[in-house]
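Student: Below you will find the structure I want to go over with you.
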Amino acid sequence: MDPSKIKIMGQGELADESALKAMGDAAIGIITAFQYDYTHESLANKQFVAAYNGKFNRNPDIFSVGGYDGMHLIYEALKKTGGTTDGDSLINALIGTQWESPRGQVSIDPETRDIVNTVYIRRVEKVNGQVCNVEIAKVENVKDPVKARMK
């Protein structure tokens, strides 16, 4: 088999924006699974990317959207508890919470208190002359697989 025809399927960091810049066209065809990419097609993400670029002059990444979602949850918890900040009150306020994140629909699992989100299957393609991730499929409502096996 011609080694140049072999493509990789892996975790999302493999095709992170900085990795794609380093790999260039050699990355085309790589398939990954990840919860977020700045190219995700949703209004919430387009607004997030525009605001983030306006403030930091770069695209957001998984850490940026994680911070965004974390701050969203802190705000919602404080709103639901009326400002009460003890741990039990904050955690109980968030159980079952659902919202539209830049990464798509997410929620907090009432049983495990973990985030539940969509995992996107992406293929690296050249779009408008730029090597980037393109969503080709998705798996919705993904829970922590380790905790699911422990039931």
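Labels for the structure tokens follow display order: chains A, B, ..., residues from 1 in each chain, ligands from 1.
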As JSON, numbers by chain, which residues of region 3-142 of chain A does DSSP assign to alpha helix (DSSP H)?

Tutor: {"A": [17, 18, 19, 20, 21, 22, 23, 43, 44, 45, 46, 47, 48, 49, 50, 51, 52, 53, 54, 55, 56, 62, 63, 64, 65, 66, 67, 68, 69, 70, 71, 72, 73, 74, 75, 76, 77, 78, 79, 80, 81, 87, 88, 89, 90, 91, 92, 93, 94]}

Student: For Gly87 (chain A), work out the shell of residues within 12 Å, counting only C-alpha atoms and skipping chain neighbours fewer than 4 positions away, then give it as a PyMOL selection string.

Tutor: chain A and resi 74+77-78+81+83+91-94

Student: Please list as an MDAnalysis selection string every residue within 7 Å of Ile121 (chain A), counting only C-alpha atoms and excluding residues in the same chain fewer than 5 positions away.

Tutor: chainID A and resid 31:34 135:138

Student: Just all heavy atoms for this one: save the residues we selected as a short mmCIF file (atom, residue, chain, number, x, y, z; two decimals), in the first residue's frame.

Tutor:
data_model
loop_
_atom_site.label_atom_id
_atom_site.label_comp_id
_atom_site.auth_asym_id
_atom_site.auth_seq_id
_atom_site.Cartn_x
_atom_site.Cartn_y
_atom_site.Cartn_z
N ILE A 31 -9.29 12.00 9.84
CA ILE A 31 -10.62 11.99 10.45
C ILE A 31 -10.44 11.94 11.96
O ILE A 31 -9.67 11.13 12.48
CB ILE A 31 -11.44 10.79 9.94
CG1 ILE A 31 -11.66 10.93 8.44
CG2 ILE A 31 -12.77 10.69 10.70
CD1 ILE A 31 -12.34 9.74 7.79
N THR A 32 -11.17 12.82 12.65
CA THR A 32 -11.08 12.88 14.11
C THR A 32 -12.48 12.98 14.72
O THR A 32 -13.44 13.29 14.03
CB THR A 32 -10.26 14.10 14.59
OG1 THR A 32 -10.87 15.29 14.09
CG2 THR A 32 -8.82 14.00 14.13
N ALA A 33 -12.55 12.75 16.01
CA ALA A 33 -13.77 12.93 16.79
C ALA A 33 -13.46 13.94 17.89
O ALA A 33 -12.45 13.81 18.59
CB ALA A 33 -14.21 11.60 17.39
N PHE A 34 -14.32 14.95 18.02
CA PHE A 34 -14.08 15.99 19.01
C PHE A 34 -15.37 16.73 19.33
O PHE A 34 -16.32 16.72 18.55
CB PHE A 34 -13.03 16.97 18.48
CG PHE A 34 -12.12 17.55 19.53
CD1 PHE A 34 -11.64 16.79 20.58
CD2 PHE A 34 -11.71 18.87 19.46
CE1 PHE A 34 -10.78 17.33 21.53
CE2 PHE A 34 -10.85 19.42 20.40
CZ PHE A 34 -10.39 18.64 21.43
N GLU A 135 -17.20 19.00 9.53
CA GLU A 135 -18.03 18.00 10.19
C GLU A 135 -18.68 17.11 9.14
O GLU A 135 -19.29 17.60 8.19
CB GLU A 135 -19.10 18.68 11.05
CG GLU A 135 -18.53 19.41 12.23
CD GLU A 135 -19.56 20.25 12.97
OE1 GLU A 135 -20.77 20.12 12.72
OE2 GLU A 135 -19.13 21.07 13.80
N ILE A 136 -18.56 15.79 9.33
CA ILE A 136 -19.15 14.85 8.39
C ILE A 136 -20.21 13.96 9.05
O ILE A 136 -20.99 13.31 8.37
CB ILE A 136 -18.08 13.98 7.69
CG1 ILE A 136 -17.25 13.20 8.70
CG2 ILE A 136 -17.20 14.86 6.80
CD1 ILE A 136 -16.29 12.19 8.09
N ALA A 137 -20.23 13.92 10.37
CA ALA A 137 -21.22 13.15 11.12
C ALA A 137 -21.20 13.63 12.57
O ALA A 137 -20.30 14.39 12.96
CB ALA A 137 -20.91 11.66 11.06
N LYS A 138 -22.18 13.18 13.33
CA LYS A 138 -22.19 13.55 14.75
C LYS A 138 -22.88 12.46 15.55
O LYS A 138 -23.72 11.72 15.06
CB LYS A 138 -22.87 14.90 14.96
CG LYS A 138 -24.33 14.94 14.57
CD LYS A 138 -24.87 16.35 14.74
CE LYS A 138 -26.30 16.44 14.22
NZ LYS A 138 -26.83 17.79 14.41
#

Student: With DSSP run on the backbone, what are the strand (DSSP E) residues within region 5-148 of chain A? I'd like them as a PyMOL selection string.

Tutor: chain A and resi 9-11+31-34+98-101+104-108+115-127+130-142

Student: From the set A:Pro145, A:Gly24, A:Gly54, A:Gly129, which residue has the shortest atom-to-atom contact distance to Asp114 (chain A), counting only C-alpha atoms?

Tutor: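 Using only C-alpha atoms, Asp114 (chain A) sits closest to A:Pro145.
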
Student: Using only C-alpha atoms, which protein or nucleic acid residues come within 9 Å of region 14-17 of chain A? Drop anything in the same chain fewer than 5 positions from it, and give the result as JSON, numbers by chain.

Tutor: {"A": [9, 22, 27, 30, 31, 32, 37, 38, 59, 61, 122, 123, 124, 131, 132, 133]}
